[in-house]
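K.L.:
Shown below is the structure under consideration.
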Amino acid sequence: MDPSKVTTFKLPKRAKVNIICVYLSNYFLNDDQGEVAKAKSVLDNHNIQLEVWPQGAAKTINNTLNYPDPVPHDPYDDAVNKVTYTDLLTRARSLVSSKVPFSVFATVVFGQFKHVGIGITPPSVGLVTPLCIVSPNGNSDKMDVLHELGHASNLHHEDGIAKNFMNGTNGRSEMMRFQVEKMAKSWFAVA
Ligand SMILES: [Zn+2]
């Protein structure tokens with residue numbers, strides 16, 4: 001077997017990745033549905049520590065952004081989308097910036113959006129200060145947050161491997177060595 005693809009790999013030295021969680025007012029559930037706890041537990045298996053603000057990814061008035069309508073998406077105009085997603089990221093970060101204890105982090109926004117699918121990590125925002133948006137209608141494997149953090153680490157889909165976290169569909173639980181190593185070197189990782 002290709003050693004870069006083993007699914008039991010643990011980093012020899014523990015790595016840390018930081019995320020912050022912001023909810024949109026259009027997100028109709030009370031919490032993240034266990035998505036962040038699931039990401040924490042899978043990453044821990046590979047010796048990556050997921051640091052989360054606020055603790056437990058809790059939804060409170062302090063991290064809920066007034067955003068009544070779903071985040072728009074124009075299928076024909078990437079320039080418009082870049083403005084939409086950059087504006088969302090700016091608003092999410094400025095809402096909580098005085099409270100967040102991290103200097104580098106990925107921003108995970110729980111909310112409704114028009115783009116197809118359960119999560120989106122808009123490429124136009126880029127891999128520095130990345131933005132992941134996760135829908136309230138998540139998969140039952142609770143791997144949507146970790147999947148989007150994979151995109152934020154510049155990982156791509158592995159649609160031939162059903163259990164891999166970068167598969168696009170439900171039933172995921174595994175990370176391959178090269179994916180673990182790439183996330184540990186992402187922009188939102190700290191030494
Ligand atoms: Zn994806």
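In the structure tokens, chains take the letters A, B, ... in the order shown, each chain's residues start at 1, and ligands count up from 1 in the order shown.
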Would you list, as a ChimeraX atom specification, the residues of stretch 46-184 of chain A that end up in helix (DSSP H, G or I) under DSSP run on this structure's backbone?
P.N.:
/A:55-57,61-63,78-96,144-152,177-184
K.L.:
Residues within 7 Å of ligand 1, counting only C-alpha atoms and all ligand atoms: report them as JSON, numbers by chain.
P.N.:
{"A": [147, 148, 151, 157, 166, 168]}
K.L.:
Which is closer to A:Val36 than all the others in A:Val109, A:Ile61, A:Leu95, A:Ala191, using only C-alpha atoms?
P.N.:
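The shortest atom-to-atom distance to A:Val36 comes from A:Val109.
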K.L.:
What does the distance from atom CA of A:Ser97 to atom CA of A:Met143 come to in Å, to one decimal?
P.N.:
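These two atoms are separated by 26.3 Å.
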K.L.:
For stretch 48-55 of chain A, list every protein, DNA or RNA residue within 8 Å, evaluated using only C-alpha atoms, and leave out those in the same chain fewer than 3 positions away; present the list as a list in words.
P.N.:
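Residues meeting the cut-off are Leu11, Arg14, Ala15, Lys16, Val17, Asn18, Ile19, Ile20, Cys21, Ala39, Lys40, Leu43, Asp44, Asn45, Ala58, Val100, Pro101 and Ala184 of chain A.
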K.L.:
When you look at A:Ala162 with a cut-off of 7 Å (counting only C-alpha atoms), what residues show up, excluding the ones that are within fewer than 2 positions of it in the same chain? I need them as a list in words.
P.N.:
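Once the adjacent positions are removed, what remains is Asp159, Gly160, Asn164, Asn167, Gly171 and Arg172 of chain A.
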K.L.:
Please provide the set of residues having any atom within 9 Å of A:Tyr67, restricted to only C-alpha atoms, with same-chain residues fewer than 6 positions apart removed, written as a PyMOL selection string.
P.N.:
chain A and resi 24-26+111
K.L.:
Within 9 Å of A:Met183, counting only C-alpha atoms, which residues qualify if same-chain residues fewer than 4 places away don't, as a PyMOL selection string?
P.N.:
chain A and resi 17+48+149-150+152-155+178-179+187-189
K.L.:
Keeping only C-alpha atoms, write the selected residues to a file as a short mmCIF file (atom, residue, chain, number, x, y, z; two decimals), in the first residue's frame.
P.N.:
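Heads up, here's the output in part-v4.cif:
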```cif
data_model
loop_
_atom_site.label_atom_id
_atom_site.label_comp_id
_atom_site.auth_asym_id
_atom_site.auth_seq_id
_atom_site.Cartn_x
_atom_site.Cartn_y
_atom_site.Cartn_z
CA VAL A 17 -5.20 23.90 14.26
CA ILE A 48 -3.80 17.00 15.68
CA LEU A 149 -11.46 22.28 6.82
CA GLY A 150 -9.91 19.81 4.36
CA ALA A 152 -9.36 25.04 3.59
CA SER A 153 -6.12 23.01 3.75
CA ASN A 154 -6.07 22.77 -0.05
CA LEU A 155 -7.24 19.14 -0.12
CA PHE A 178 -0.87 12.92 3.27
CA GLN A 179 -4.13 14.63 4.26
CA TRP A 187 -2.49 28.36 7.18
CA PHE A 188 -4.66 27.92 10.32
CA ALA A 189 -2.22 25.48 11.94
#
```
K.L.:
Could you pull out the residues in stretch 25-101 of chain A that DSSP calls strand (DSSP E or B) from the backbone, as a list in words?
P.N.:
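Here are the strand (DSSP E or B) residues of stretch 25-101 of chain A: Ile48, Gln49, Leu50, Glu51, Val52, Trp53, Thr64, Leu65 and Val71 of chain A.
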K.L.:
Compile the contact shell of A:Asn81 as a list in words: residues with an atom at most 10 Å away, counting only C-alpha atoms, same-chain residues fewer than 5 positions apart removed.
P.N.:
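My reading of the contact set: Val71, Pro72, His73, Asp74, Pro75, Tyr76, Thr86, Asp87, Pro122, Ser124 and Val125 of chain A.
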K.L.:
Please produce a file of the residues just selected, as a PDB file, in the first residue's frame, where the atoms kept are N, CA and C atoms.
P.N.:
```
ATOM      1  N   VAL A  71     -27.044  32.963   2.381  1.00  0.00           N
ATOM      2  CA  VAL A  71     -25.926  33.608   1.696  1.00  0.00           C
ATOM      3  C   VAL A  71     -26.129  33.415   0.191  1.00  0.00           C
ATOM      4  N   PRO A  72     -26.198  34.516  -0.577  1.00  0.00           N
ATOM      5  CA  PRO A  72     -26.490  34.365  -2.004  1.00  0.00           C
ATOM      6  C   PRO A  72     -25.336  33.733  -2.782  1.00  0.00           C
ATOM      7  N   HIS A  73     -25.653  33.194  -3.940  1.00  0.00           N
ATOM      8  CA  HIS A  73     -24.619  32.677  -4.838  1.00  0.00           C
ATOM      9  C   HIS A  73     -25.087  32.887  -6.263  1.00  0.00           C
ATOM     10  N   ASP A  74     -24.243  33.500  -7.071  1.00  0.00           N
ATOM     11  CA  ASP A  74     -24.576  33.727  -8.472  1.00  0.00           C
ATOM     12  C   ASP A  74     -23.810  32.711  -9.325  1.00  0.00           C
ATOM     13  N   PRO A  75     -24.521  31.764  -9.962  1.00  0.00           N
ATOM     14  CA  PRO A  75     -23.818  30.717 -10.719  1.00  0.00           C
ATOM     15  C   PRO A  75     -23.047  31.245 -11.923  1.00  0.00           C
ATOM     16  N   TYR A  76     -23.284  32.501 -12.303  1.00  0.00           N
ATOM     17  CA  TYR A  76     -22.666  33.040 -13.524  1.00  0.00           C
ATOM     18  C   TYR A  76     -21.644  34.120 -13.256  1.00  0.00           C
ATOM     19  N   THR A  86     -16.381  37.415   0.754  1.00  0.00           N
ATOM     20  CA  THR A  86     -15.408  38.232   1.470  1.00  0.00           C
ATOM     21  C   THR A  86     -16.106  39.129   2.494  1.00  0.00           C
ATOM     22  N   ASP A  87     -17.256  39.654   2.093  1.00  0.00           N
ATOM     23  CA  ASP A  87     -18.041  40.493   3.009  1.00  0.00           C
ATOM     24  C   ASP A  87     -18.525  39.673   4.214  1.00  0.00           C
ATOM     25  N   PRO A 122     -15.346  28.773  -0.074  1.00  0.00           N
ATOM     26  CA  PRO A 122     -15.234  29.493  -1.347  1.00  0.00           C
ATOM     27  C   PRO A 122     -13.776  29.702  -1.759  1.00  0.00           C
ATOM     28  N   SER A 124     -12.588  31.658  -3.835  1.00  0.00           N
ATOM     29  CA  SER A 124     -12.262  33.067  -4.068  1.00  0.00           C
ATOM     30  C   SER A 124     -11.760  33.749  -2.806  1.00  0.00           C
ATOM     31  N   VAL A 125     -12.105  33.205  -1.617  1.00  0.00           N
ATOM     32  CA  VAL A 125     -11.623  33.782  -0.355  1.00  0.00           C
ATOM     33  C   VAL A 125     -10.150  33.426  -0.143  1.00  0.00           C
TER      34      VAL A 125
END
```
